[in-house]
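As stored in final-v4.cif (mmCIF, C-alpha atoms and all ligand atoms):
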```cif
data_upload
loop_
_atom_site.group_PDB
_atom_site.id
_atom_site.type_symbol
_atom_site.label_atom_id
_atom_site.label_comp_id
_atom_site.auth_asym_id
_atom_site.auth_seq_id
_atom_site.Cartn_x
_atom_site.Cartn_y
_atom_site.Cartn_z
ATOM 1 C CA MET A 1 -11.875 -253.625 29.283
ATOM 2 C CA ALA A 2 -11.225 -249.910 29.523
ATOM 3 C CA ARG A 3 -11.908 -248.203 32.816
ATOM 4 C CA THR A 4 -14.418 -245.366 32.922
ATOM 5 C CA ALA A 5 -13.426 -241.900 34.102
ATOM 6 C CA LEU A 6 -15.765 -239.028 34.890
ATOM 7 C CA VAL A 7 -14.329 -235.510 34.988
ATOM 8 C CA THR A 8 -16.430 -232.656 36.360
ATOM 9 C CA GLY A 9 -15.937 -229.329 34.653
ATOM 10 C CA GLY A 10 -14.219 -231.470 32.074
ATOM 11 C CA SER A 11 -14.801 -229.505 28.896
ATOM 12 C CA ARG A 12 -12.742 -226.384 29.620
ATOM 13 C CA GLY A 13 -9.512 -225.331 31.301
ATOM 14 C CA ILE A 14 -7.702 -227.825 33.496
ATOM 15 C CA GLY A 15 -10.663 -230.214 33.251
ATOM 16 C CA ALA A 16 -10.461 -230.389 29.462
ATOM 17 C CA ALA A 17 -6.765 -231.260 29.629
ATOM 18 C CA ILE A 18 -7.564 -233.960 32.206
ATOM 19 C CA SER A 19 -10.342 -235.446 30.053
ATOM 20 C CA ILE A 20 -8.071 -235.558 27.017
ATOM 21 C CA ALA A 21 -5.110 -237.022 28.926
ATOM 22 C CA LEU A 22 -7.284 -239.759 30.432
ATOM 23 C CA LYS A 23 -8.706 -240.593 27.008
ATOM 24 C CA GLU A 24 -5.183 -240.789 25.587
ATOM 25 C CA ALA A 25 -4.275 -243.106 28.487
ATOM 26 C CA GLY A 26 -7.036 -245.510 27.399
ATOM 27 C CA TYR A 27 -9.989 -244.586 29.619
ATOM 28 C CA ASP A 28 -13.579 -244.204 28.472
ATOM 29 C CA VAL A 29 -14.140 -240.602 29.501
ATOM 30 C CA ALA A 30 -17.245 -238.566 30.285
ATOM 31 C CA ALA A 31 -16.993 -234.856 31.034
ATOM 32 C CA THR A 32 -19.544 -232.721 32.821
ATOM 33 C CA TYR A 33 -20.117 -229.009 32.361
ATOM 34 C CA ALA A 34 -22.436 -226.555 34.039
ATOM 35 C CA GLY A 35 -23.413 -223.912 31.541
ATOM 36 C CA ASN A 36 -21.280 -223.262 28.466
ATOM 37 C CA ASP A 37 -23.096 -225.327 25.801
ATOM 38 C CA GLU A 38 -21.020 -223.891 22.983
ATOM 39 C CA ALA A 39 -17.678 -224.797 24.578
ATOM 40 C CA ALA A 40 -18.966 -228.276 25.412
ATOM 41 C CA ALA A 41 -20.193 -228.945 21.873
ATOM 42 C CA LYS A 42 -16.869 -227.739 20.459
ATOM 43 C CA PHE A 43 -14.963 -229.916 22.937
ATOM 44 C CA THR A 44 -16.975 -233.013 21.984
ATOM 45 C CA ALA A 45 -16.562 -232.316 18.266
ATOM 46 C CA GLU A 46 -12.797 -231.944 18.665
ATOM 47 C CA THR A 47 -12.127 -234.811 21.048
ATOM 48 C CA GLY A 48 -14.980 -237.304 20.704
ATOM 49 C CA ILE A 49 -15.451 -237.082 24.489
ATOM 50 C CA LYS A 50 -19.138 -236.984 25.408
ATOM 51 C CA THR A 51 -20.232 -234.118 27.633
ATOM 52 C CA TYR A 52 -23.094 -234.075 30.138
ATOM 53 C CA LYS A 53 -24.690 -230.944 31.525
ATOM 54 C CA TRP A 54 -25.471 -230.670 35.202
ATOM 55 C CA ASN A 55 -24.678 -228.602 38.242
ATOM 56 C CA VAL A 56 -22.384 -230.333 40.737
ATOM 57 C CA ALA A 57 -23.822 -228.092 43.450
ATOM 58 C CA ASP A 58 -27.155 -229.933 43.128
ATOM 59 C CA TYR A 59 -27.200 -233.428 44.663
ATOM 60 C CA ASP A 60 -30.228 -234.676 42.745
ATOM 61 C CA GLU A 61 -28.758 -233.531 39.441
ATOM 62 C CA CYS A 62 -25.562 -235.423 40.292
ATOM 63 C CA VAL A 63 -27.467 -238.631 41.031
ATOM 64 C CA ALA A 64 -29.408 -238.410 37.762
ATOM 65 C CA GLY A 65 -26.375 -237.340 35.721
ATOM 66 C CA ILE A 66 -24.138 -240.092 37.067
ATOM 67 C CA ALA A 67 -26.867 -242.647 36.276
ATOM 68 C CA SER A 68 -26.924 -241.500 32.656
ATOM 69 C CA VAL A 69 -23.117 -241.629 32.375
ATOM 70 C CA GLU A 70 -23.090 -245.144 33.842
ATOM 71 C CA ALA A 71 -25.858 -246.230 31.459
ATOM 72 C CA ASP A 72 -23.691 -245.054 28.556
ATOM 73 C CA LEU A 73 -20.204 -246.064 29.689
ATOM 74 C CA GLY A 74 -20.550 -248.437 32.633
ATOM 75 C CA PRO A 75 -19.636 -247.891 36.280
ATOM 76 C CA VAL A 76 -17.348 -244.995 37.103
ATOM 77 C CA ASP A 77 -13.899 -246.245 38.155
ATOM 78 C CA VAL A 78 -12.160 -242.872 38.270
ATOM 79 C CA LEU A 79 -13.849 -239.723 39.496
ATOM 80 C CA VAL A 80 -12.070 -236.416 39.012
ATOM 81 C CA ASN A 81 -13.688 -233.635 41.036
ATOM 82 C CA ASN A 82 -12.437 -230.688 39.049
ATOM 83 C CA ALA A 83 -15.408 -228.344 38.672
ATOM 84 C CA GLY A 84 -14.829 -225.094 40.498
ATOM 85 C CA ILE A 85 -15.748 -221.425 40.449
ATOM 86 C CA THR A 86 -14.407 -218.180 41.882
ATOM 87 C CA ARG A 87 -16.385 -215.295 43.342
ATOM 88 C CA ASP A 88 -13.474 -213.182 44.562
ATOM 89 C CA ALA A 89 -14.042 -210.176 46.802
ATOM 90 C CA PRO A 90 -12.313 -208.710 49.839
ATOM 91 C CA PHE A 91 -14.177 -210.119 52.825
ATOM 92 C CA HIS A 92 -15.780 -206.810 53.805
ATOM 93 C CA LYS A 93 -17.380 -206.719 50.350
ATOM 94 C CA MET A 94 -18.130 -210.453 50.031
ATOM 95 C CA THR A 95 -21.828 -211.232 49.887
ATOM 96 C CA ARG A 96 -23.448 -214.240 51.467
ATOM 97 C CA GLU A 97 -24.336 -215.375 47.955
ATOM 98 C CA GLN A 98 -20.679 -215.274 46.881
ATOM 99 C CA TRP A 99 -19.799 -217.365 49.926
ATOM 100 C CA THR A 100 -22.575 -219.885 49.366
ATOM 101 C CA GLN A 101 -22.046 -220.316 45.623
ATOM 102 C CA VAL A 102 -18.392 -221.142 46.106
ATOM 103 C CA MET A 103 -18.974 -223.490 49.040
ATOM 104 C CA ASP A 104 -21.827 -225.256 47.211
ATOM 105 C CA THR A 105 -19.770 -225.877 44.079
ATOM 106 C CA ASN A 106 -16.194 -226.225 45.295
ATOM 107 C CA LEU A 107 -16.834 -228.143 48.527
ATOM 108 C CA SER A 108 -20.343 -229.630 48.555
ATOM 109 C CA GLY A 109 -19.796 -230.546 44.899
ATOM 110 C CA LEU A 110 -17.301 -233.150 46.117
ATOM 111 C CA PHE A 111 -19.889 -234.702 48.401
ATOM 112 C CA ASN A 112 -22.588 -234.557 45.725
ATOM 113 C CA MET A 113 -20.429 -236.296 43.125
ATOM 114 C CA THR A 114 -18.553 -238.779 45.284
ATOM 115 C CA HIS A 115 -21.431 -239.962 47.472
ATOM 116 C CA PRO A 116 -23.504 -241.594 44.685
ATOM 117 C CA ILE A 117 -20.410 -243.233 43.117
ATOM 118 C CA TRP A 118 -18.784 -244.453 46.346
ATOM 119 C CA PRO A 119 -20.970 -247.546 47.057
ATOM 120 C CA GLY A 120 -20.237 -248.986 43.600
ATOM 121 C CA MET A 121 -16.510 -248.436 44.041
ATOM 122 C CA ARG A 122 -16.702 -250.225 47.395
ATOM 123 C CA ASP A 123 -18.606 -253.152 45.868
ATOM 124 C CA ARG A 124 -16.143 -253.492 42.993
ATOM 125 C CA LYS A 125 -13.147 -253.082 45.314
ATOM 126 C CA PHE A 126 -11.579 -250.472 43.073
ATOM 127 C CA GLY A 127 -11.799 -246.742 42.728
ATOM 128 C CA ARG A 128 -9.885 -243.539 42.261
ATOM 129 C CA VAL A 129 -11.211 -240.241 43.586
ATOM 130 C CA ILE A 130 -9.001 -237.318 42.609
ATOM 131 C CA SER A 131 -10.056 -233.844 43.654
ATOM 132 C CA ILE A 132 -8.596 -230.640 42.301
ATOM 133 C CA SER A 133 -8.003 -228.373 45.281
ATOM 134 C CA SER A 134 -5.759 -225.305 44.978
ATOM 135 C CA ILE A 135 -2.634 -223.596 46.221
ATOM 136 C CA ASN A 136 -5.049 -221.086 47.710
ATOM 137 C CA GLY A 137 -6.567 -223.796 49.897
ATOM 138 C CA GLN A 138 -3.069 -224.327 51.282
ATOM 139 C CA LYS A 139 -1.812 -220.776 51.732
ATOM 140 C CA GLY A 140 -4.980 -218.644 51.696
ATOM 141 C CA GLN A 141 -5.464 -215.792 49.232
ATOM 142 C CA PHE A 142 -6.518 -212.173 49.598
ATOM 143 C CA ALA A 143 -10.130 -211.783 48.350
ATOM 144 C CA GLN A 144 -10.748 -215.542 48.499
ATOM 145 C CA ALA A 145 -12.047 -216.326 51.993
ATOM 146 C CA ASN A 146 -14.771 -218.383 50.299
ATOM 147 C CA TYR A 147 -12.540 -220.154 47.778
ATOM 148 C CA SER A 148 -9.658 -220.783 50.181
ATOM 149 C CA ALA A 149 -12.046 -222.230 52.780
ATOM 150 C CA ALA A 150 -13.686 -224.547 50.251
ATOM 151 C CA LYS A 151 -10.382 -225.694 48.765
ATOM 152 C CA ALA A 152 -8.918 -226.353 52.232
ATOM 153 C CA GLY A 153 -12.095 -228.331 52.912
ATOM 154 C CA ASP A 154 -11.413 -230.434 49.829
ATOM 155 C CA ILE A 155 -8.130 -231.521 51.410
ATOM 156 C CA GLY A 156 -9.857 -232.521 54.671
ATOM 157 C CA PHE A 157 -12.496 -234.415 52.703
ATOM 158 C CA THR A 158 -9.723 -236.258 50.874
ATOM 159 C CA LYS A 159 -7.842 -237.258 54.023
ATOM 160 C CA ALA A 160 -10.972 -238.529 55.774
ATOM 161 C CA LEU A 161 -12.307 -240.469 52.816
ATOM 162 C CA ALA A 162 -8.909 -241.981 52.060
ATOM 163 C CA GLN A 163 -9.089 -243.760 55.405
ATOM 164 C CA GLU A 164 -12.509 -245.170 54.572
ATOM 165 C CA GLY A 165 -11.563 -246.267 51.066
ATOM 166 C CA ALA A 166 -8.223 -247.850 51.856
ATOM 167 C CA ARG A 167 -9.431 -251.372 52.605
ATOM 168 C CA ALA A 168 -11.850 -251.270 49.689
ATOM 169 C CA GLY A 169 -9.175 -250.639 47.069
ATOM 170 C CA ILE A 170 -10.174 -247.010 46.627
ATOM 171 C CA THR A 171 -7.548 -244.286 46.713
ATOM 172 C CA VAL A 172 -8.554 -240.703 47.408
ATOM 173 C CA ASN A 173 -6.121 -237.912 46.640
ATOM 174 C CA ALA A 174 -6.047 -234.173 46.088
ATOM 175 C CA ILE A 175 -3.980 -232.114 43.702
ATOM 176 C CA CYS A 176 -3.247 -228.481 44.504
ATOM 177 C CA PRO A 177 -2.525 -226.607 41.289
ATOM 178 C CA GLY A 178 -0.919 -223.238 41.510
ATOM 179 C CA TYR A 179 -1.790 -220.500 39.025
ATOM 180 C CA VAL A 180 -2.506 -222.192 35.688
ATOM 181 C CA ALA A 181 -3.160 -220.413 32.384
ATOM 182 C CA THR A 182 -6.926 -220.864 32.179
ATOM 183 C CA ASP A 183 -9.900 -218.515 31.787
ATOM 184 C CA MET A 184 -10.195 -218.422 35.594
ATOM 185 C CA VAL A 185 -6.691 -217.072 36.107
ATOM 186 C CA MET A 186 -6.814 -214.844 33.012
ATOM 187 C CA ALA A 187 -9.865 -213.171 34.620
ATOM 188 C CA VAL A 188 -7.618 -211.840 37.392
ATOM 189 C CA PRO A 189 -6.747 -208.194 36.609
ATOM 190 C CA GLU A 190 -3.580 -208.119 34.491
ATOM 191 C CA LYS A 191 -1.509 -206.069 36.931
ATOM 192 C CA VAL A 192 -2.433 -208.398 39.801
ATOM 193 C CA ARG A 193 -1.711 -211.446 37.640
ATOM 194 C CA GLU A 194 1.711 -210.114 36.687
ATOM 195 C CA SER A 195 2.525 -209.549 40.343
ATOM 196 C CA ILE A 196 1.497 -213.141 41.099
ATOM 197 C CA ILE A 197 3.643 -214.562 38.286
ATOM 198 C CA ALA A 198 6.601 -212.680 39.758
ATOM 199 C CA THR A 199 6.268 -214.862 42.869
ATOM 200 C CA ILE A 200 6.410 -218.173 40.963
ATOM 201 C CA PRO A 201 9.992 -219.514 41.043
ATOM 202 C CA VAL A 202 9.732 -221.293 37.674
ATOM 203 C CA GLY A 203 8.738 -217.921 36.212
ATOM 204 C CA ARG A 204 5.561 -218.883 34.417
ATOM 205 C CA LEU A 205 1.962 -219.891 34.876
ATOM 206 C CA GLY A 206 1.283 -223.621 34.825
ATOM 207 C CA GLU A 207 -0.208 -225.309 31.785
ATOM 208 C CA PRO A 208 -3.391 -227.405 32.159
ATOM 209 C CA GLU A 209 -1.380 -230.407 30.968
ATOM 210 C CA ASP A 210 0.949 -230.020 33.986
ATOM 211 C CA ILE A 211 -2.034 -230.951 36.144
ATOM 212 C CA ALA A 212 -3.505 -233.535 33.763
ATOM 213 C CA ARG A 213 -0.337 -235.627 33.849
ATOM 214 C CA ALA A 214 -0.538 -235.799 37.639
ATOM 215 C CA VAL A 215 -4.156 -236.968 37.436
ATOM 216 C CA VAL A 216 -3.263 -239.733 34.981
ATOM 217 C CA PHE A 217 -0.566 -240.935 37.357
ATOM 218 C CA LEU A 218 -2.818 -240.909 40.437
ATOM 219 C CA ALA A 219 -5.504 -242.784 38.479
ATOM 220 C CA SER A 220 -3.096 -245.520 37.417
ATOM 221 C CA ASP A 221 -2.405 -248.869 39.076
ATOM 222 C CA ASP A 222 1.141 -247.598 39.701
ATOM 223 C CA ALA A 223 -0.299 -245.143 42.262
ATOM 224 C CA GLY A 224 -2.173 -247.776 44.266
ATOM 225 C CA PHE A 225 -0.172 -247.141 47.446
ATOM 226 C CA ILE A 226 -0.722 -243.385 47.334
ATOM 227 C CA THR A 227 -3.833 -242.317 49.200
ATOM 228 C CA GLY A 228 -4.810 -239.342 51.306
ATOM 229 C CA ALA A 229 -2.050 -237.379 49.610
ATOM 230 C CA THR A 230 -2.022 -233.739 48.610
ATOM 231 C CA LEU A 231 0.094 -233.331 45.505
ATOM 232 C CA THR A 232 1.321 -229.803 45.007
ATOM 233 C CA ALA A 233 1.908 -228.601 41.421
ATOM 234 C CA ASN A 234 2.579 -224.879 41.573
ATOM 235 C CA GLY A 235 5.973 -224.096 40.046
ATOM 236 C CA GLY A 236 7.449 -223.662 43.526
ATOM 237 C CA GLN A 237 5.161 -220.776 44.501
ATOM 238 C CA TYR A 238 4.260 -222.345 47.834
ATOM 239 C CA MET A 239 6.190 -225.242 49.337
ATOM 240 C CA THR A 240 4.418 -227.399 51.876
HETATM 241 N N1 LIG B 1 -2.576 -208.371 49.652
HETATM 242 C C1 LIG B 1 -2.819 -207.203 50.283
HETATM 243 N N2 LIG B 1 -3.585 -206.240 49.764
HETATM 244 C C2 LIG B 1 -4.132 -206.456 48.560
HETATM 245 C C3 LIG B 1 -3.900 -207.652 47.840
HETATM 246 C C4 LIG B 1 -3.085 -208.619 48.449
HETATM 247 N N3 LIG B 1 -2.820 -209.793 47.826
HETATM 248 N N4 LIG B 1 -4.585 -207.587 46.695
HETATM 249 C C5 LIG B 1 -5.198 -206.379 46.681
HETATM 250 N N5 LIG B 1 -4.914 -205.710 47.790
HETATM 251 C C6 LIG B 1 -5.353 -204.366 48.165
HETATM 252 C C7 LIG B 1 -5.344 -203.417 46.983
HETATM 253 O O1 LIG B 1 -4.062 -202.832 46.842
HETATM 254 C C8 LIG B 1 -6.400 -202.428 47.390
HETATM 255 O O2 LIG B 1 -5.866 -201.554 48.370
HETATM 256 P P1 LIG B 1 -6.215 -199.989 48.369
HETATM 257 O O3 LIG B 1 -7.683 -199.929 48.596
HETATM 258 O O4 LIG B 1 -5.398 -199.464 49.505
HETATM 259 O O5 LIG B 1 -5.780 -199.501 47.031
HETATM 260 C C9 LIG B 1 -7.405 -203.330 48.054
HETATM 261 O O6 LIG B 1 -6.712 -204.450 48.547
HETATM 262 C C10 LIG B 1 -8.430 -203.907 47.055
HETATM 263 O O7 LIG B 1 -9.423 -203.030 47.039
HETATM 264 P P2 LIG B 1 -10.319 -202.944 45.739
HETATM 265 O O8 LIG B 1 -11.456 -202.031 46.045
HETATM 266 O O9 LIG B 1 -9.489 -202.670 44.504
HETATM 267 O O10 LIG B 1 -10.840 -204.427 45.625
HETATM 268 P P3 LIG B 1 -11.922 -204.975 44.650
HETATM 269 O O11 LIG B 1 -13.199 -205.086 45.345
HETATM 270 O O12 LIG B 1 -11.901 -204.253 43.344
HETATM 271 O O13 LIG B 1 -11.337 -206.436 44.416
HETATM 272 C C11 LIG B 1 -9.773 -208.086 43.732
HETATM 273 C C12 LIG B 1 -10.211 -206.653 43.609
HETATM 274 C C13 LIG B 1 -10.953 -209.021 43.561
HETATM 275 C C14 LIG B 1 -9.149 -208.303 45.078
HETATM 276 C C15 LIG B 1 -8.747 -208.271 42.599
HETATM 277 O O14 LIG B 1 -7.588 -207.565 42.937
HETATM 278 C C16 LIG B 1 -8.365 -209.704 42.351
HETATM 279 O O15 LIG B 1 -9.029 -210.400 41.586
HETATM 280 N N6 LIG B 1 -7.271 -210.160 42.962
HETATM 281 C C17 LIG B 1 -6.748 -211.492 42.707
HETATM 282 C C18 LIG B 1 -7.331 -212.499 43.638
HETATM 283 C C19 LIG B 1 -6.796 -213.838 43.243
HETATM 284 O O16 LIG B 1 -5.600 -214.088 43.229
HETATM 285 N N7 LIG B 1 -7.678 -214.747 42.876
HETATM 286 C C20 LIG B 1 -7.266 -216.020 42.390
HETATM 287 C C21 LIG B 1 -8.050 -216.343 41.161
HETATM 288 S S1 LIG B 1 -7.385 -217.713 40.263
HETATM 289 C C22 LIG B 1 -7.798 -219.040 41.208
HETATM 290 O O17 LIG B 1 -8.446 -218.969 42.204
HETATM 291 C C23 LIG B 1 -7.285 -220.382 40.707
HETATM 292 C C24 LIG B 1 -6.433 -221.014 41.722
HETATM 293 O O18 LIG B 1 -6.867 -221.968 42.337
HETATM 294 C C25 LIG B 1 -5.052 -220.533 41.910
#
```
Rendering of file as structure tokens:
Amino acid sequence: MARTALVTGGSRGIGAAISIALKEAGYDVAATYAGNDEAAAKFTAETGIKTYKWNVADYDECVAGIASVEADLGPVDVLVNNAGITRDAPFHKMTREQWTQVMDTNLSGLFNMTHPIWPGMRDRKFGRVISISSINGQKGQFAQANYSAAKAGDIGFTKALAQEGARAGITVNAICPGYVATDMVMAVPEKVRESIIATIPVGRLGEPEDIARAVVFLASDDAGFITGATLTANGGQYMT
């Protein structure tokens, strides 16, 4: 029987590539999205992957949403915490709201999504939790005190939970993408973006599929001995 995978923010950008790659690898896939109904409907029409609308920053919405996914597809075996937002501003201009929105989505979102799914994974003695952190959680980034803090937190979350999941057959890993050609990165002012690309040794932005392939590997049985890891995929921009 096919395993079930749930990808947050799974209808656009890196998340869409992950959803598609998991489907192609034989998983039953559900993708969540927060707001863009049009993009989600288009994604479902093109891929056949069902989309579910809720806000990962809201715990109760996660509990209800996960219940509806599990009613449709069965228990979640693979959770990909991909949903993320930016609210970039130099710290002296950053508002409390910009801080809170990013922490609520990019860090608390991992708690909100993983916590309701975790007991079932423990009972079934199998699970994969893969969280999409960022190069900027590793190296820090000008104008991203909020985002860098949340993404560094995702790595700490991963390392702690990996220890708890190990004996229950659950692996917990993080992937740190570098700058990938998505709407999020294309929203960076062009001149700034060009200056960033100049610092990437491979000489290009990543493609969403570069990240999706890593997710498929970490989800597979072949990766059963890999847990608590932070997999860097950034074209050599930052070497840890
Ligand atoms: N290091 C040092 N100084 C920098 C800098 C940097 N990396 N970037 C900008 N500055 C300087 C500017 O030169 C400018 O200096 P002056 O005032 O002396 O000219 C100052 O900082 C910025 O002041 P502004 O008033 O122009 O700033 P702003 O309020 O308009 O904000 C910005 C602009 C938000 C910082 C914009 O430049 C920006 O978006 N930068 C990119 C940030 C970034 O890389 N975000 C990543 C998004 S993609 C992502 O997050 C995905 C992922 O995981 C990789």
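In terms of minimum interatomic distance to ligand LIG 1 (chain B), A:Ile200 ranks closest within A:Leu218, A:Ala229, A:Ile200, A:Leu6, counting only C-alpha atoms and all ligand atoms.
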Would you pick out the contacts of region 88-104 of chain A at 6 Å or less, using all atoms listed in the file, so that residues sharing its chain but fewer than 6 positions from it are not included, and give the list as a PyMOL selection string? chain A and resi 57+143-144+146+150
So for ligand LIG 1 (chain B), what box centre and size do we get, axis-aligned, 3 Å extra on each of the six sides, every listed atom, Å to one decimal, as lines of an AutoDock Vina configuration file?
```
center_x = -7.9
center_y = -210.7
center_z = 45.3
size_x = 16.6
size_y = 28.5
size_z = 16.0
```
Would you compute the distance between CA of Met184 (chain A) and CA of Thr8 (chain A)? Give it in Å to one decimal.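 CA of Thr8 (chain A) lies 15.6 Å from CA of Met184 (chain A).
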Would you kindly identify which residues have an atom no farther than 8 Å from (-2.3, -229.9, 30.3), using all atoms listed in the file and the file's own coordinates, and write them out as a list in words?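 Residues found, by chain and rising number: Ile14, Ala17, Ile18, Ala21, Glu207, Pro208, Glu209, Asp210, Ile211, Ala212 and Arg213 of chain A.
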List all protein, DNA and RNA residues that have any atom at most 8 Å from ligand LIG 1 (chain B), counting all atoms listed in the file, and write the list as a tab-separated table (two decimals) with C-alpha atoms, keeping the file's coordinate frame.
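Result file is result36.tsv:
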```
chain	number	residue	atom	x	y	z
A	85	ILE	CA	-15.75	-221.42	40.45
A	86	THR	CA	-14.41	-218.18	41.88
A	88	ASP	CA	-13.47	-213.18	44.56
A	89	ALA	CA	-14.04	-210.18	46.80
A	90	PRO	CA	-12.31	-208.71	49.84
A	93	LYS	CA	-17.38	-206.72	50.35
A	133	SER	CA	-8.00	-228.37	45.28
A	134	SER	CA	-5.76	-225.30	44.98
A	135	ILE	CA	-2.63	-223.60	46.22
A	136	ASN	CA	-5.05	-221.09	47.71
A	137	GLY	CA	-6.57	-223.80	49.90
A	141	GLN	CA	-5.46	-215.79	49.23
A	142	PHE	CA	-6.52	-212.17	49.60
A	143	ALA	CA	-10.13	-211.78	48.35
A	144	GLN	CA	-10.75	-215.54	48.50
A	147	TYR	CA	-12.54	-220.15	47.78
A	176	CYS	CA	-3.25	-228.48	44.50
A	177	PRO	CA	-2.52	-226.61	41.29
A	178	GLY	CA	-0.92	-223.24	41.51
A	179	TYR	CA	-1.79	-220.50	39.02
A	180	VAL	CA	-2.51	-222.19	35.69
A	184	MET	CA	-10.20	-218.42	35.59
A	185	VAL	CA	-6.69	-217.07	36.11
A	186	MET	CA	-6.81	-214.84	33.01
A	187	ALA	CA	-9.86	-213.17	34.62
A	188	VAL	CA	-7.62	-211.84	37.39
A	189	PRO	CA	-6.75	-208.19	36.61
A	192	VAL	CA	-2.43	-208.40	39.80
A	193	ARG	CA	-1.71	-211.45	37.64
A	196	ILE	CA	1.50	-213.14	41.10
```
Got a sec to resolve the PyMOL selection byres (((chain A and resi 60-76) around 8) and not hetatm) on this structure and send the residues as a PyMOL selection string? chain A and resi 3-6+28+30+52-56+58-59+77-79+112-113+116-117+120-121
Between CA of Ala152 (chain A) and CA of Pro201 (chain A), what is the distance, to one decimal in Å?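 It comes out at 23.0 Å.
Among the candidates A:Ala214, A:Ala219, A:Ile49, A:Ala181, the one nearest to Gly127 (chain A) when counting all atoms listed in the file is A:Ala219.
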Answer key for the PyMOL selection byres (((chain A and resi 167) around 12) and not hetatm), residues as a PyMOL selection string: chain A and resi 121-127+161-166+168-172+224-225+227
Write a file of the selected residues as an mmCIF file, in the frame of the given file, keeping C-alpha atoms.
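So the final result, stored in result-v1.cif, reads:
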```cif
data_model
loop_
_atom_site.group_PDB
_atom_site.id
_atom_site.type_symbol
_atom_site.label_atom_id
_atom_site.label_comp_id
_atom_site.auth_asym_id
_atom_site.auth_seq_id
_atom_site.Cartn_x
_atom_site.Cartn_y
_atom_site.Cartn_z
ATOM 1 C CA MET A 121 -16.510 -248.436 44.041
ATOM 2 C CA ARG A 122 -16.702 -250.225 47.395
ATOM 3 C CA ASP A 123 -18.606 -253.152 45.868
ATOM 4 C CA ARG A 124 -16.143 -253.492 42.993
ATOM 5 C CA LYS A 125 -13.147 -253.082 45.314
ATOM 6 C CA PHE A 126 -11.579 -250.472 43.073
ATOM 7 C CA GLY A 127 -11.799 -246.742 42.728
ATOM 8 C CA LEU A 161 -12.307 -240.469 52.816
ATOM 9 C CA ALA A 162 -8.909 -241.981 52.060
ATOM 10 C CA GLN A 163 -9.089 -243.760 55.405
ATOM 11 C CA GLU A 164 -12.509 -245.170 54.572
ATOM 12 C CA GLY A 165 -11.563 -246.267 51.066
ATOM 13 C CA ALA A 166 -8.223 -247.850 51.856
ATOM 14 C CA ALA A 168 -11.850 -251.270 49.689
ATOM 15 C CA GLY A 169 -9.175 -250.639 47.069
ATOM 16 C CA ILE A 170 -10.174 -247.010 46.627
ATOM 17 C CA THR A 171 -7.548 -244.286 46.713
ATOM 18 C CA VAL A 172 -8.554 -240.703 47.408
ATOM 19 C CA GLY A 224 -2.173 -247.776 44.266
ATOM 20 C CA PHE A 225 -0.172 -247.141 47.446
ATOM 21 C CA THR A 227 -3.833 -242.317 49.200
#
```
State, in Å with one decimal place, the distance from CA of Ala2 (chain A) to CA of Ile20 (chain A).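 It comes out at 14.9 Å.
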In the coordinate frame of the file, compute which residues have an atom within 10 Å of (4.6, -227.7, 51.4) when using only C-alpha atoms, and state them as a list in words. Ile135, Gln138, Lys139, Thr230, Leu231, Thr232, Gly236, Gln237, Tyr238, Met239 and Thr240 of chain A
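Nearest to Ser131 (chain A) of all the residues A:Phe157, A:Phe217, A:Tyr27, A:Trp118 is A:Phe157, based on all atoms listed in the file.
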Would you mind completing region 113-120 of chain A so that it carries N, CA, C and O atoms, and writing it out as a short mmCIF file (atom, residue, chain, number, x, y, z; two decimals), keeping the file's coordinate frame?
```cif
data_model
loop_
_atom_site.label_atom_id
_atom_site.label_comp_id
_atom_site.auth_asym_id
_atom_site.auth_seq_id
_atom_site.Cartn_x
_atom_site.Cartn_y
_atom_site.Cartn_z
N MET A 113 -20.92 -235.42 44.19
CA MET A 113 -20.43 -236.30 43.12
C MET A 113 -19.90 -237.61 43.66
O MET A 113 -20.07 -238.67 43.05
N THR A 114 -19.22 -237.57 44.80
CA THR A 114 -18.55 -238.78 45.28
C THR A 114 -19.54 -239.72 45.97
O THR A 114 -19.44 -240.95 45.84
N HIS A 115 -20.51 -239.15 46.67
CA HIS A 115 -21.43 -239.96 47.47
C HIS A 115 -22.20 -240.99 46.63
O HIS A 115 -22.27 -242.16 47.02
N PRO A 116 -22.77 -240.59 45.46
CA PRO A 116 -23.50 -241.59 44.68
C PRO A 116 -22.60 -242.65 44.04
O PRO A 116 -23.05 -243.75 43.75
N ILE A 117 -21.32 -242.31 43.82
CA ILE A 117 -20.41 -243.23 43.12
C ILE A 117 -19.71 -244.18 44.09
O ILE A 117 -19.34 -245.30 43.76
N TRP A 118 -19.57 -243.75 45.32
CA TRP A 118 -18.78 -244.45 46.35
C TRP A 118 -19.25 -245.89 46.60
O TRP A 118 -18.41 -246.81 46.63
N PRO A 119 -20.56 -246.17 46.76
CA PRO A 119 -20.97 -247.55 47.06
C PRO A 119 -20.56 -248.52 45.96
O PRO A 119 -20.12 -249.64 46.26
N GLY A 120 -20.64 -248.11 44.70
CA GLY A 120 -20.24 -248.99 43.60
C GLY A 120 -18.74 -249.25 43.62
O GLY A 120 -18.30 -250.38 43.38
#
```
